[in-house]
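Asker: So here's model.csv, just CSV, C-alpha atoms:
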chain,number,residue,atom,x,y,z
A,1,MET,CA,95.8,4.5,-200.9
A,2,ARG,CA,94.1,1.3,-200.0
A,3,GLU,CA,91.1,3.2,-198.7
A,4,ALA,CA,91.0,5.5,-201.7
A,5,LYS,CA,90.7,2.4,-204.0
A,6,CYS,CA,88.1,0.9,-201.7
A,7,GLU,CA,86.0,4.1,-201.8
A,8,THR,CA,86.1,4.0,-205.6
A,9,GLU,CA,84.9,0.4,-205.7
A,10,LEU,CA,82.0,1.1,-203.3
A,11,ALA,CA,81.1,4.2,-205.2
A,12,SER,CA,80.5,2.1,-208.3
A,13,GLY,CA,77.3,0.8,-206.7
A,14,ARG,CA,75.7,3.1,-204.1
A,15,GLY,CA,72.3,1.5,-203.9
A,16,GLY,CA,69.0,2.9,-204.8
A,17,SER,CA,65.7,4.1,-203.3
A,18,ALA,CA,65.7,1.6,-200.4
A,19,LEU,CA,69.3,1.8,-199.2
A,20,SER,CA,72.6,3.4,-200.0
A,21,TRP,CA,76.1,3.1,-198.8
A,22,THR,CA,79.3,5.1,-198.3
A,23,VAL,CA,82.8,4.3,-197.1
A,24,ALA,CA,85.1,6.6,-195.2
A,25,ASP,CA,88.2,5.8,-193.1
A,26,GLY,CA,87.7,2.0,-193.5
A,27,VAL,CA,84.1,2.1,-192.3
A,28,ILE,CA,81.2,1.2,-194.6
A,29,GLU,CA,77.9,2.9,-193.6
A,30,LEU,CA,74.8,1.3,-195.0
A,31,ALA,CA,71.8,3.7,-194.7
A,32,LEU,CA,68.2,2.3,-195.0
A,33,HIS,CA,65.8,4.9,-196.3
A,34,ARG,CA,62.6,3.3,-197.7
A,35,ALA,CA,59.4,4.9,-196.4
A,36,PRO,CA,57.6,4.4,-194.1
A,37,CYS,CA,60.0,2.2,-192.1
A,38,ASN,CA,62.3,0.3,-194.4
A,39,GLU,CA,59.8,-2.6,-195.0
A,40,LEU,CA,61.8,-5.4,-196.8
A,41,GLY,CA,60.2,-6.2,-200.1
A,42,SER,CA,61.5,-7.2,-203.5
A,43,GLU,CA,63.1,-3.8,-204.2
A,44,SER,CA,65.0,-3.7,-200.9
A,45,LEU,CA,66.1,-7.3,-201.5
A,46,GLU,CA,67.6,-6.4,-204.9
A,47,GLU,CA,69.4,-3.5,-203.4
A,48,PHE,CA,70.7,-5.6,-200.5
A,49,GLU,CA,72.0,-8.1,-203.1
A,50,GLN,CA,73.8,-5.3,-204.9
A,51,PHE,CA,75.2,-4.2,-201.5
A,52,VAL,CA,76.6,-7.7,-200.5
A,53,THR,CA,78.1,-8.0,-203.9
A,54,ALA,CA,79.9,-4.7,-203.5
A,55,LEU,CA,80.8,-5.7,-199.9
A,56,GLY,CA,82.4,-8.9,-201.1
A,57,ARG,CA,84.8,-6.9,-203.2
A,58,VAL,CA,85.9,-4.6,-200.4
A,59,GLN,CA,85.3,-6.3,-197.1
A,60,GLU,CA,88.9,-7.4,-196.7
A,61,LYS,CA,90.0,-3.8,-197.0
A,62,THR,CA,87.6,-2.3,-194.5
A,63,HIS,CA,87.3,-2.9,-190.8
A,64,ALA,CA,83.7,-2.1,-189.9
A,65,LEU,CA,80.2,-1.9,-191.3
A,66,ILE,CA,77.4,0.2,-189.7
A,67,ILE,CA,73.8,-0.4,-190.7
A,68,PHE,CA,71.4,2.3,-189.7
A,69,SER,CA,68.1,3.8,-190.7
A,70,GLU,CA,67.4,7.4,-191.9
A,71,MET,CA,63.6,6.9,-191.4
A,72,LYS,CA,62.1,8.5,-188.3
A,73,PRO,CA,59.8,5.7,-187.2
A,74,GLY,CA,62.6,3.2,-186.7
A,75,PHE,CA,65.3,0.9,-188.0
A,76,CYS,CA,63.1,-1.5,-189.9
A,77,ALA,CA,59.5,-2.7,-189.5
A,78,GLY,CA,60.3,-6.1,-191.1
A,79,ALA,CA,59.0,-7.8,-194.3
A,80,ASP,CA,56.8,-5.8,-196.6
A,81,LEU,CA,53.6,-7.6,-195.8
A,82,ARG,CA,51.5,-5.5,-198.1
A,83,GLU,CA,53.6,-6.5,-201.0
A,84,LEU,CA,53.5,-10.2,-199.9
A,85,TYR,CA,49.7,-10.1,-199.6
A,86,HIS,CA,49.0,-8.3,-202.9
A,87,ARG,CA,51.4,-10.5,-204.8
A,88,SER,CA,50.0,-13.7,-203.4
A,89,GLN,CA,46.5,-12.5,-204.3
A,90,VAL,CA,47.3,-12.5,-208.1
A,91,MET,CA,49.1,-15.8,-208.1
A,92,ASP,CA,47.9,-19.4,-207.7
A,93,LYS,CA,48.9,-21.2,-204.6
A,94,ALA,CA,51.9,-23.1,-206.2
A,95,GLU,CA,53.2,-19.9,-207.7
A,96,ALA,CA,52.9,-18.0,-204.5
A,97,ALA,CA,54.6,-20.7,-202.5
A,98,LYS,CA,57.5,-20.8,-205.0
A,99,GLY,CA,57.8,-17.0,-204.9
A,100,VAL,CA,58.0,-17.1,-201.1
A,101,ARG,CA,60.7,-19.8,-201.1
A,102,ASP,CA,62.7,-17.9,-203.7
A,103,PHE,CA,62.5,-14.7,-201.7
A,104,LEU,CA,63.6,-16.5,-198.5
A,105,GLU,CA,66.5,-18.2,-200.2
A,106,ARG,CA,67.7,-14.9,-201.6
A,107,ILE,CA,67.3,-13.0,-198.3
A,108,HIS,CA,68.9,-15.8,-196.3
A,109,ARG,CA,71.9,-15.6,-198.7
A,110,VAL,CA,72.2,-11.9,-198.1
A,111,LEU,CA,71.8,-12.1,-194.3
A,112,ASN,CA,74.2,-15.1,-194.1
A,113,LEU,CA,76.8,-13.1,-195.9
A,114,LEU,CA,76.3,-10.1,-193.6
A,115,ASP,CA,76.4,-12.4,-190.6
A,116,ALA,CA,79.7,-13.9,-191.7
A,117,ALA,CA,81.3,-10.8,-193.2
A,118,PRO,CA,85.0,-10.6,-192.3
A,119,LEU,CA,84.7,-7.2,-190.7
A,120,THR,CA,83.0,-6.1,-187.5
A,121,THR,CA,79.4,-5.1,-188.0
A,122,ILE,CA,77.2,-2.8,-186.0
A,123,ALA,CA,73.4,-2.3,-186.2
A,124,ALA,CA,72.7,1.2,-184.9
A,125,VAL,CA,68.9,1.0,-184.2
A,126,HIS,CA,66.2,3.3,-183.1
A,127,GLY,CA,62.4,3.0,-182.9
A,128,VAL,CA,60.7,0.1,-184.6
A,129,THR,CA,63.0,-2.9,-185.0
A,130,PHE,CA,60.4,-5.6,-185.7
A,131,GLY,CA,60.3,-8.9,-187.5
A,132,GLY,CA,62.7,-8.9,-190.5
A,133,GLY,CA,64.2,-5.7,-189.1
A,134,PHE,CA,65.1,-7.4,-185.9
A,135,GLU,CA,66.4,-10.3,-187.9
A,136,LEU,CA,68.6,-7.9,-189.9
A,137,ALA,CA,70.0,-6.4,-186.7
A,138,LEU,CA,70.7,-10.0,-185.4
A,139,THR,CA,73.2,-10.6,-188.2
A,140,CYS,CA,75.4,-7.8,-186.8
A,141,ASP,CA,78.1,-8.4,-184.3
A,142,LEU,CA,76.9,-5.6,-182.0
A,143,ILE,CA,73.6,-3.8,-181.6
A,144,ILE,CA,73.7,-0.2,-180.4
A,145,ALA,CA,70.3,0.9,-179.5
A,146,ASP,CA,68.7,4.3,-179.0
A,147,LYS,CA,66.7,4.2,-175.8
A,148,MET,CA,63.5,4.5,-177.9
A,149,ALA,CA,64.2,1.3,-179.9
A,150,ARG,CA,61.7,-1.5,-179.7
A,151,PHE,CA,62.1,-5.1,-180.7
A,152,CYS,CA,59.5,-7.6,-181.6
A,153,PHE,CA,58.8,-10.9,-183.4
A,154,PRO,CA,55.1,-10.5,-184.2
A,155,GLU,CA,55.0,-13.3,-186.9
A,156,LEU,CA,52.8,-15.7,-185.0
A,157,ARG,CA,49.9,-13.3,-185.5
A,158,LEU,CA,50.1,-14.2,-189.2
A,159,GLY,CA,50.3,-17.9,-188.6
A,160,LEU,CA,54.0,-17.8,-189.4
A,161,ILE,CA,57.4,-17.9,-187.7
A,162,PRO,CA,60.1,-15.4,-188.4
A,163,GLY,CA,61.5,-16.3,-191.8
A,164,PHE,CA,64.7,-14.3,-192.1
A,165,GLY,CA,66.9,-16.3,-189.7
A,166,GLY,CA,65.7,-14.8,-186.5
A,167,ILE,CA,65.1,-17.9,-184.4
A,168,PRO,CA,68.4,-19.6,-185.1
A,169,ARG,CA,70.4,-16.4,-184.6
A,170,LEU,CA,68.5,-15.3,-181.5
A,171,LYS,CA,69.0,-18.8,-180.1
A,172,ARG,CA,72.7,-18.7,-180.9
A,173,ASP,CA,73.1,-15.4,-179.2
A,174,LEU,CA,70.7,-15.5,-176.2
A,175,GLY,CA,69.2,-19.0,-175.7
A,176,ASN,CA,66.0,-20.8,-176.1
A,177,ALA,CA,64.0,-19.3,-173.2
A,178,VAL,CA,64.3,-15.7,-174.6
A,179,VAL,CA,63.3,-17.0,-178.1
A,180,ARG,CA,60.2,-18.7,-176.6
A,181,ASP,CA,59.2,-15.6,-174.7
A,182,LEU,CA,59.5,-13.3,-177.7
A,183,LEU,CA,58.1,-15.7,-180.2
A,184,LEU,CA,55.2,-17.2,-178.3
A,185,THR,CA,53.9,-13.9,-176.7
A,186,GLY,CA,54.6,-11.7,-179.7
A,187,ARG,CA,55.2,-8.9,-177.3
A,188,SER,CA,57.6,-6.0,-178.0
A,189,PHE,CA,60.3,-4.9,-175.6
A,190,ASN,CA,62.4,-1.9,-175.2
A,191,ALA,CA,66.2,-1.2,-175.5
A,192,THR,CA,66.8,-1.4,-171.7
A,193,LYS,CA,65.2,-4.8,-171.6
A,194,ALA,CA,67.2,-5.8,-174.7
A,195,GLN,CA,70.4,-4.8,-172.9
A,196,GLN,CA,69.4,-6.7,-169.7
A,197,ILE,CA,69.0,-9.9,-171.7
A,198,GLY,CA,72.3,-9.5,-173.5
A,199,LEU,CA,71.0,-8.6,-176.9
A,200,VAL,CA,72.0,-5.0,-177.1
A,201,SER,CA,75.6,-3.9,-176.2
A,202,GLN,CA,74.9,-0.2,-175.6
A,203,VAL,CA,71.8,1.8,-174.9
A,204,VAL,CA,72.3,5.5,-175.8
A,205,GLY,CA,70.3,8.7,-175.8
A,206,GLU,CA,67.7,9.6,-178.4
A,207,GLY,CA,69.3,10.2,-181.7
A,208,GLU,CA,72.7,9.1,-180.6
A,209,ALA,CA,72.9,5.6,-181.9
A,210,LEU,CA,74.8,6.4,-185.2
A,211,ARG,CA,77.3,8.7,-183.4
A,212,VAL,CA,78.1,6.0,-180.8
A,213,ALA,CA,78.3,3.4,-183.5
A,214,ARG,CA,80.8,5.5,-185.4
A,215,ALA,CA,82.9,6.0,-182.3
A,216,THR,CA,82.8,2.2,-181.6
A,217,ALA,CA,83.8,1.5,-185.2
A,218,ALA,CA,86.8,3.7,-184.9
A,219,GLN,CA,87.9,1.5,-182.0
A,220,PHE,CA,88.0,-1.5,-184.2
A,221,LYS,CA,90.6,0.1,-186.5
A,222,LYS,CA,93.1,-0.2,-183.6
A,223,PHE,CA,93.1,-4.0,-183.8
A,224,ASP,CA,94.8,-6.2,-186.3
A,225,HIS,CA,92.3,-7.0,-189.0
A,226,ALA,CA,93.2,-10.6,-189.5
A,227,THR,CA,93.0,-11.2,-185.7
A,228,ALA,CA,89.6,-9.6,-185.5
A,229,VAL,CA,88.3,-11.7,-188.3
A,230,ALA,CA,89.7,-14.9,-186.7
A,231,ALA,CA,88.1,-14.0,-183.4
A,232,LYS,CA,84.8,-13.4,-185.1
A,233,ARG,CA,84.8,-16.7,-186.9
A,234,PHE,CA,85.7,-18.5,-183.7
A,235,ILE,CA,83.0,-16.9,-181.6
A,236,LYS,CA,80.2,-16.5,-184.1
A,237,PRO,CA,79.2,-19.7,-185.9
A,238,ILE,CA,76.5,-19.4,-188.5
A,239,PRO,CA,73.7,-21.9,-187.8
A,240,TYR,CA,73.3,-23.0,-191.4
A,241,GLU,CA,71.4,-26.2,-190.7
A,242,GLU,CA,68.8,-24.5,-188.5
A,243,LEU,CA,68.5,-21.7,-191.0
A,244,ARG,CA,67.7,-24.2,-193.7
A,245,ARG,CA,65.1,-25.8,-191.5
A,246,GLU,CA,63.6,-22.4,-190.8
A,247,ILE,CA,63.0,-21.8,-194.5
A,248,ASP,CA,61.3,-25.2,-194.8
A,249,LEU,CA,59.1,-24.6,-191.8
A,250,PHE,CA,58.1,-21.1,-192.9
A,251,CYS,CA,57.1,-22.4,-196.4
A,252,GLU,CA,55.1,-25.3,-194.8
A,253,LEU,CA,53.2,-22.8,-192.6
A,254,PHE,CA,52.8,-20.3,-195.4
A,255,ALA,CA,50.7,-22.9,-197.3
A,256,ARG,CA,48.0,-22.8,-194.6
A,257,PRO,CA,44.8,-20.7,-194.9
A,258,ALA,CA,45.5,-19.0,-191.6
A,259,VAL,CA,48.3,-17.0,-193.2
A,260,GLU,CA,46.2,-15.4,-195.9
A,261,ALA,CA,43.6,-14.4,-193.3
A,262,GLY,CA,46.4,-13.0,-191.0
A,263,LEU,CA,47.9,-11.0,-193.9
A,264,ARG,CA,44.5,-9.7,-194.9
A,265,LYS,CA,43.8,-8.6,-191.4
A,266,PHE,CA,47.1,-6.8,-191.1
A,267,VAL,CA,46.8,-5.1,-194.5
A,268,GLU,CA,43.3,-3.9,-193.8
A,269,SER,CA,43.8,-3.1,-190.1
A,270,THR,CA,43.4,0.4,-188.8
A,271,GLU,CA,44.1,-0.7,-185.2
A,272,ALA,CA,46.7,1.0,-183.1
A,273,GLN,CA,48.5,-2.3,-182.5
A,274,PRO,CA,48.1,-4.2,-185.8
A,275,TYR,CA,51.1,-6.4,-185.0
A,276,LEU,CA,49.1,-8.0,-182.2
A,277,PRO,CA,46.7,-10.9,-183.0
B,278,MET,CA,54.8,4.7,-154.1
B,279,LYS,CA,53.0,7.0,-156.5
B,280,THR,CA,49.3,7.6,-156.2
B,281,ALA,CA,47.1,6.8,-159.2
B,282,ASP,CA,46.5,10.6,-159.6
B,283,GLN,CA,50.3,11.2,-159.7
B,284,THR,CA,50.7,8.5,-162.3
B,285,VAL,CA,48.0,9.9,-164.5
B,286,ASP,CA,49.5,13.4,-164.2
B,287,GLU,CA,53.0,12.1,-165.2
B,288,ILE,CA,51.5,10.3,-168.2
B,289,LEU,CA,49.8,13.5,-169.3
B,290,ASN,CA,53.0,15.4,-168.9
B,291,LEU,CA,54.9,12.8,-170.9
B,292,ALA,CA,52.3,12.7,-173.7
B,293,ALA,CA,52.1,16.4,-173.9
B,294,ALA,CA,55.8,16.9,-174.2
B,295,HIS,CA,56.5,14.0,-176.6
B,296,PHE,CA,53.6,14.8,-179.0
B,297,LYS,CA,53.9,18.5,-178.5
B,298,VAL,CA,50.3,19.0,-177.4
B,299,PRO,CA,49.4,21.6,-174.7
B,300,LYS,CA,48.9,19.6,-171.4
B,301,GLU,CA,45.7,21.6,-170.6
B,302,LYS,CA,44.1,20.0,-173.7
B,303,LEU,CA,44.6,16.5,-172.2
B,304,SER,CA,42.4,15.0,-169.6
B,305,PRO,CA,42.6,11.5,-167.9
B,306,ASP,CA,39.5,10.1,-169.6
B,307,ASP,CA,40.5,11.2,-173.1
B,308,ASP,CA,40.9,8.6,-175.8
B,309,PHE,CA,44.6,9.2,-176.4
B,310,PHE,CA,44.6,7.9,-179.9
B,311,LYS,CA,42.1,10.6,-180.9
B,312,THR,CA,43.4,13.4,-178.6
B,313,LEU,CA,47.0,12.9,-179.6
B,314,ALA,CA,46.2,11.8,-183.2
B,315,ILE,CA,48.7,9.1,-183.1
B,316,ASP,CA,49.2,6.1,-185.4
B,317,SER,CA,50.4,2.6,-184.6
B,318,LEU,CA,54.1,3.5,-184.8
B,319,GLN,CA,53.6,6.5,-182.5
B,320,THR,CA,51.7,4.3,-180.1
B,321,LEU,CA,54.9,2.3,-179.7
B,322,ASP,CA,56.8,5.5,-179.0
B,323,LEU,CA,54.4,6.3,-176.2
B,324,LEU,CA,54.7,2.8,-174.8
B,325,THR,CA,58.5,3.1,-174.8
B,326,LYS,CA,58.4,6.6,-173.2
B,327,LEU,CA,56.1,5.2,-170.4
B,328,GLU,CA,58.3,2.2,-169.8
B,329,ASN,CA,61.5,4.3,-169.6
B,330,HIS,CA,59.9,6.9,-167.4
B,331,PHE,CA,58.3,4.5,-164.9
B,332,HIS,CA,60.9,1.8,-165.2
B,333,VAL,CA,58.3,-0.9,-165.8
B,334,GLU,CA,57.7,-3.4,-168.6
B,335,LEU,CA,54.3,-3.1,-170.2
B,336,PRO,CA,53.6,-6.1,-172.4
B,337,ASP,CA,51.6,-4.9,-175.5
B,338,TYR,CA,48.9,-7.5,-175.0
B,339,GLU,CA,48.1,-6.1,-171.6
B,340,LEU,CA,47.4,-2.7,-173.2
B,341,GLN,CA,45.2,-4.1,-176.0
B,342,GLY,CA,41.9,-2.3,-175.9
B,343,VAL,CA,43.2,0.4,-173.5
B,344,SER,CA,42.6,3.8,-175.0
B,345,ASP,CA,42.3,6.3,-172.1
B,346,PHE,CA,45.0,7.8,-169.9
B,347,ARG,CA,43.3,6.7,-166.7
B,348,THR,CA,43.2,3.0,-167.6
B,349,LEU,CA,46.7,3.3,-168.9
B,350,ALA,CA,47.8,4.7,-165.5
B,351,GLU,CA,46.0,1.7,-163.7
B,352,LYS,CA,48.0,-0.7,-165.8
B,353,ILE,CA,51.2,1.1,-164.9
B,354,GLN,CA,50.3,1.3,-161.2
B,355,ALA,CA,49.9,-2.4,-161.1
B,356,ARG,CA,53.5,-2.8,-162.1
B,357,LEU,CA,55.1,-0.2,-159.9
Starting from the file, give its structure as structure tokens.
Answerer:
Amino acid sequence: MREAKCETELASGRGGSALSWTVADGVIELALHRAPCNELGSESLEEFEQFVTALGRVQEKTHALIIFSEMKPGFCAGADLRELYHRSQVMDKAEAAKGVRDFLERIHRVLNLLDAAPLTTIAAVHGVTFGGGFELALTCDLIIADKMARFCFPELRLGLIPGFGGIPRLKRDLGNAVVRDLLLTGRSFNATKAQQIGLVSQVVGEGEALRVARATAAQFKKFDHATAVAAKRFIKPIPYEELRREIDLFCELFARPAVEAGLRKFVESTEAQPYLP
Amino acid sequence: MKTADQTVDEILNLAAAHFKVPKEKLSPDDDFFKTLAIDSLQTLDLLTKLENHFHVELPDYELQGVSDFRTLAEKIQARL
């Protein structure tokens, strides 16, 4: 009965063109499906905001959330840099800076809510899990990765740092040395490496991440919900202060000319590795 | 220890299988971006396939500017 009510509440807002969600047997599944690789722009953000609002109504009555991508290239390629570039071209500097800060404040609110959600969360990732996509995965309690998954923080190529909470969360989960390696080299690394450093909980065969995530989510149902929530709160503090500082630093860097040049280079690039400087 | 020729051959096998191209159409000195007609996202797939197969780490920046199978094999050989 409780789950039937829950399904009705979630069904009242099923998302849109960038993402959609379903609930079954106490598990919410959030599917990302914006071509080409779930780039996070204003449309995705609005839909994420709708999702966390719906989640807030039902999270106490569900025990797990799985986030996955239906797009073949990967989980999420990060922020929609083309949108960012084109929007900033038609605004004056002050307007563009305000727009960026507003966007960051909104996406941080969404990601903080996902990070702290009182249910167990899994990112089932495959392929490209870059920048903001990596940051989205980092909000989840567990990452289950297809062996073809690839992770990267390429932001320095743009003259920026990751802006969706990546540094504080990665530091919380893994430590400063790993953050420095990823951030300062901008290199990408595969799922096996991600598991070796403690980022990924399970590496699975190609196309198996969602199936394994569902099997893992079924396990959570066996535990007392209140205990699982208390355990999560105890073990997973949200680094709010550092997240605030990250927004400020990102906005400070965004005002520099190097960023516009970096964005233009990326948008116009036809290179095979456009995420490298 | 694999020889350089073995490594090239294994790369050609992997690329042919993953991108569904007949292996006989691939040769060590081909520009793999052109021969395989792959974009930036598929290039990452190839990189991951190679790392998984050879059990090596290949930092992206080390492969910047590499476009033929033979040079790719040399980079992998250096990490075996």
Asker: Select all residues near (39.0, 12.5, -171.8) (cut-off 12 Å, inclusive, file coordinates), counting all atoms listed in the file, and output them as a PyMOL selection string.
Answerer: chain B and resi 285+289+301-313+344-348
Asker: Could you check the closest approach to chain B for each of A:Lys72, A:Arg87, A:Arg187, A:Arg245 and tell me which residue wins, using all atoms listed in the file?
Answerer: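 Result for the nearest residue to chain B: A:Arg187.
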Asker: Using only C-alpha atoms, find all polymer residues with an atom at most 12 Å away from the point (44.9, -1.8, -196.8); report them as JSON, numbers by chain.
Answerer: {"A": [81, 82, 83, 85, 86, 263, 264, 265, 266, 267, 268, 269, 270, 271, 274]}
Asker: Please identify all residues of chain B having at least one atom at most 6 Å from any atom of chain A, considering only C-alpha atoms, and return them as number ranges by chain.
Answerer: B: 317, 336-337
Asker: Residues within 12 Å of A:Asp102, please, as a PDB file with C-alpha atoms, in the coordinates of the input. Count all atoms listed in the file; anything in the same chain fewer than 5 positions from it doesn't count.
Answerer:
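out36.pdb written:
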ATOM      1  CA  SER A  42      61.500  -7.200-203.500  1.00  0.00           C
ATOM      2  CA  LEU A  45      66.100  -7.300-201.500  1.00  0.00           C
ATOM      3  CA  GLU A  95      53.200 -19.900-207.700  1.00  0.00           C
ATOM      4  CA  ALA A  96      52.900 -18.000-204.500  1.00  0.00           C
ATOM      5  CA  ALA A  97      54.600 -20.700-202.500  1.00  0.00           C
ATOM      6  CA  ILE A 107      67.300 -13.000-198.300  1.00  0.00           C
ATOM      7  CA  HIS A 108      68.900 -15.800-196.300  1.00  0.00           C
ATOM      8  CA  ARG A 109      71.900 -15.600-198.700  1.00  0.00           C
ATOM      9  CA  ILE A 247      63.000 -21.800-194.500  1.00  0.00           C
ATOM     10  CA  ASP A 248      61.300 -25.200-194.800  1.00  0.00           C
ATOM     11  CA  CYS A 251      57.100 -22.400-196.400  1.00  0.00           C
TER      12      CYS A 251
END
Asker: Dump N, CA and C atoms of stretch 255-272 of chain A from the given block, as a PDB file, in the first residue's frame.
Answerer:
ATOM      1  N   ALA A 255      35.664  34.636 -14.420  1.00  0.00           N
ATOM      2  CA  ALA A 255      35.772  36.022 -14.883  1.00  0.00           C
ATOM      3  C   ALA A 255      37.042  36.279 -15.703  1.00  0.00           C
ATOM      4  N   ARG A 256      37.951  35.323 -15.729  1.00  0.00           N
ATOM      5  CA  ARG A 256      39.226  35.543 -16.434  1.00  0.00           C
ATOM      6  C   ARG A 256      39.091  35.255 -17.934  1.00  0.00           C
ATOM      7  N   PRO A 257      39.897  35.957 -18.751  1.00  0.00           N
ATOM      8  CA  PRO A 257      39.803  35.786 -20.218  1.00  0.00           C
ATOM      9  C   PRO A 257      40.143  34.362 -20.686  1.00  0.00           C
ATOM     10  N   ALA A 258      40.973  33.657 -19.920  1.00  0.00           N
ATOM     11  CA  ALA A 258      41.380  32.301 -20.324  1.00  0.00           C
ATOM     12  C   ALA A 258      40.175  31.375 -20.484  1.00  0.00           C
ATOM     13  N   VAL A 259      39.131  31.647 -19.727  1.00  0.00           N
ATOM     14  CA  VAL A 259      37.961  30.757 -19.768  1.00  0.00           C
ATOM     15  C   VAL A 259      37.230  30.878 -21.098  1.00  0.00           C
ATOM     16  N   GLU A 260      37.026  32.111 -21.531  1.00  0.00           N
ATOM     17  CA  GLU A 260      36.338  32.316 -22.812  1.00  0.00           C
ATOM     18  C   GLU A 260      37.135  31.648 -23.938  1.00  0.00           C
ATOM     19  N   ALA A 261      38.457  31.814 -23.891  1.00  0.00           N
ATOM     20  CA  ALA A 261      39.301  31.199 -24.920  1.00  0.00           C
ATOM     21  C   ALA A 261      39.211  29.670 -24.853  1.00  0.00           C
ATOM     22  N   GLY A 262      39.215  29.137 -23.656  1.00  0.00           N
ATOM     23  CA  GLY A 262      39.127  27.687 -23.477  1.00  0.00           C
ATOM     24  C   GLY A 262      37.800  27.133 -23.963  1.00  0.00           C
ATOM     25  N   LEU A 263      36.722  27.851 -23.637  1.00  0.00           N
ATOM     26  CA  LEU A 263      35.388  27.419 -24.076  1.00  0.00           C
ATOM     27  C   LEU A 263      35.282  27.461 -25.596  1.00  0.00           C
ATOM     28  N   ARG A 264      35.822  28.542 -26.185  1.00  0.00           N
ATOM     29  CA  ARG A 264      35.749  28.671 -27.647  1.00  0.00           C
ATOM     30  C   ARG A 264      36.517  27.531 -28.310  1.00  0.00           C
ATOM     31  N   LYS A 265      37.691  27.250 -27.759  1.00  0.00           N
ATOM     32  CA  LYS A 265      38.513  26.180 -28.333  1.00  0.00           C
ATOM     33  C   LYS A 265      37.762  24.847 -28.265  1.00  0.00           C
ATOM     34  N   PHE A 266      37.121  24.595 -27.156  1.00  0.00           N
ATOM     35  CA  PHE A 266      36.389  23.344 -27.007  1.00  0.00           C
ATOM     36  C   PHE A 266      35.212  23.275 -27.983  1.00  0.00           C
ATOM     37  N   VAL A 267      34.450  24.342 -28.047  1.00  0.00           N
ATOM     38  CA  VAL A 267      33.247  24.358 -28.890  1.00  0.00           C
ATOM     39  C   VAL A 267      33.613  24.201 -30.361  1.00  0.00           C
ATOM     40  N   GLU A 268      34.729  24.807 -30.741  1.00  0.00           N
ATOM     41  CA  GLU A 268      35.116  24.767 -32.161  1.00  0.00           C
ATOM     42  C   GLU A 268      36.012  23.579 -32.495  1.00  0.00           C
ATOM     43  N   SER A 269      36.424  22.830 -31.483  1.00  0.00           N
ATOM     44  CA  SER A 269      37.403  21.766 -31.705  1.00  0.00           C
ATOM     45  C   SER A 269      36.847  20.597 -32.509  1.00  0.00           C
ATOM     46  N   THR A 270      37.681  20.082 -33.398  1.00  0.00           N
ATOM     47  CA  THR A 270      37.333  18.837 -34.094  1.00  0.00           C
ATOM     48  C   THR A 270      38.358  17.766 -33.726  1.00  0.00           C
ATOM     49  N   GLU A 271      39.123  18.016 -32.682  1.00  0.00           N
ATOM     50  CA  GLU A 271      40.172  17.087 -32.282  1.00  0.00           C
ATOM     51  C   GLU A 271      39.589  15.838 -31.617  1.00  0.00           C
ATOM     52  N   ALA A 272      40.380  14.782 -31.647  1.00  0.00           N
ATOM     53  CA  ALA A 272      39.915  13.510 -31.079  1.00  0.00           C
ATOM     54  C   ALA A 272      39.866  13.552 -29.557  1.00  0.00           C
TER      55      ALA A 272
END
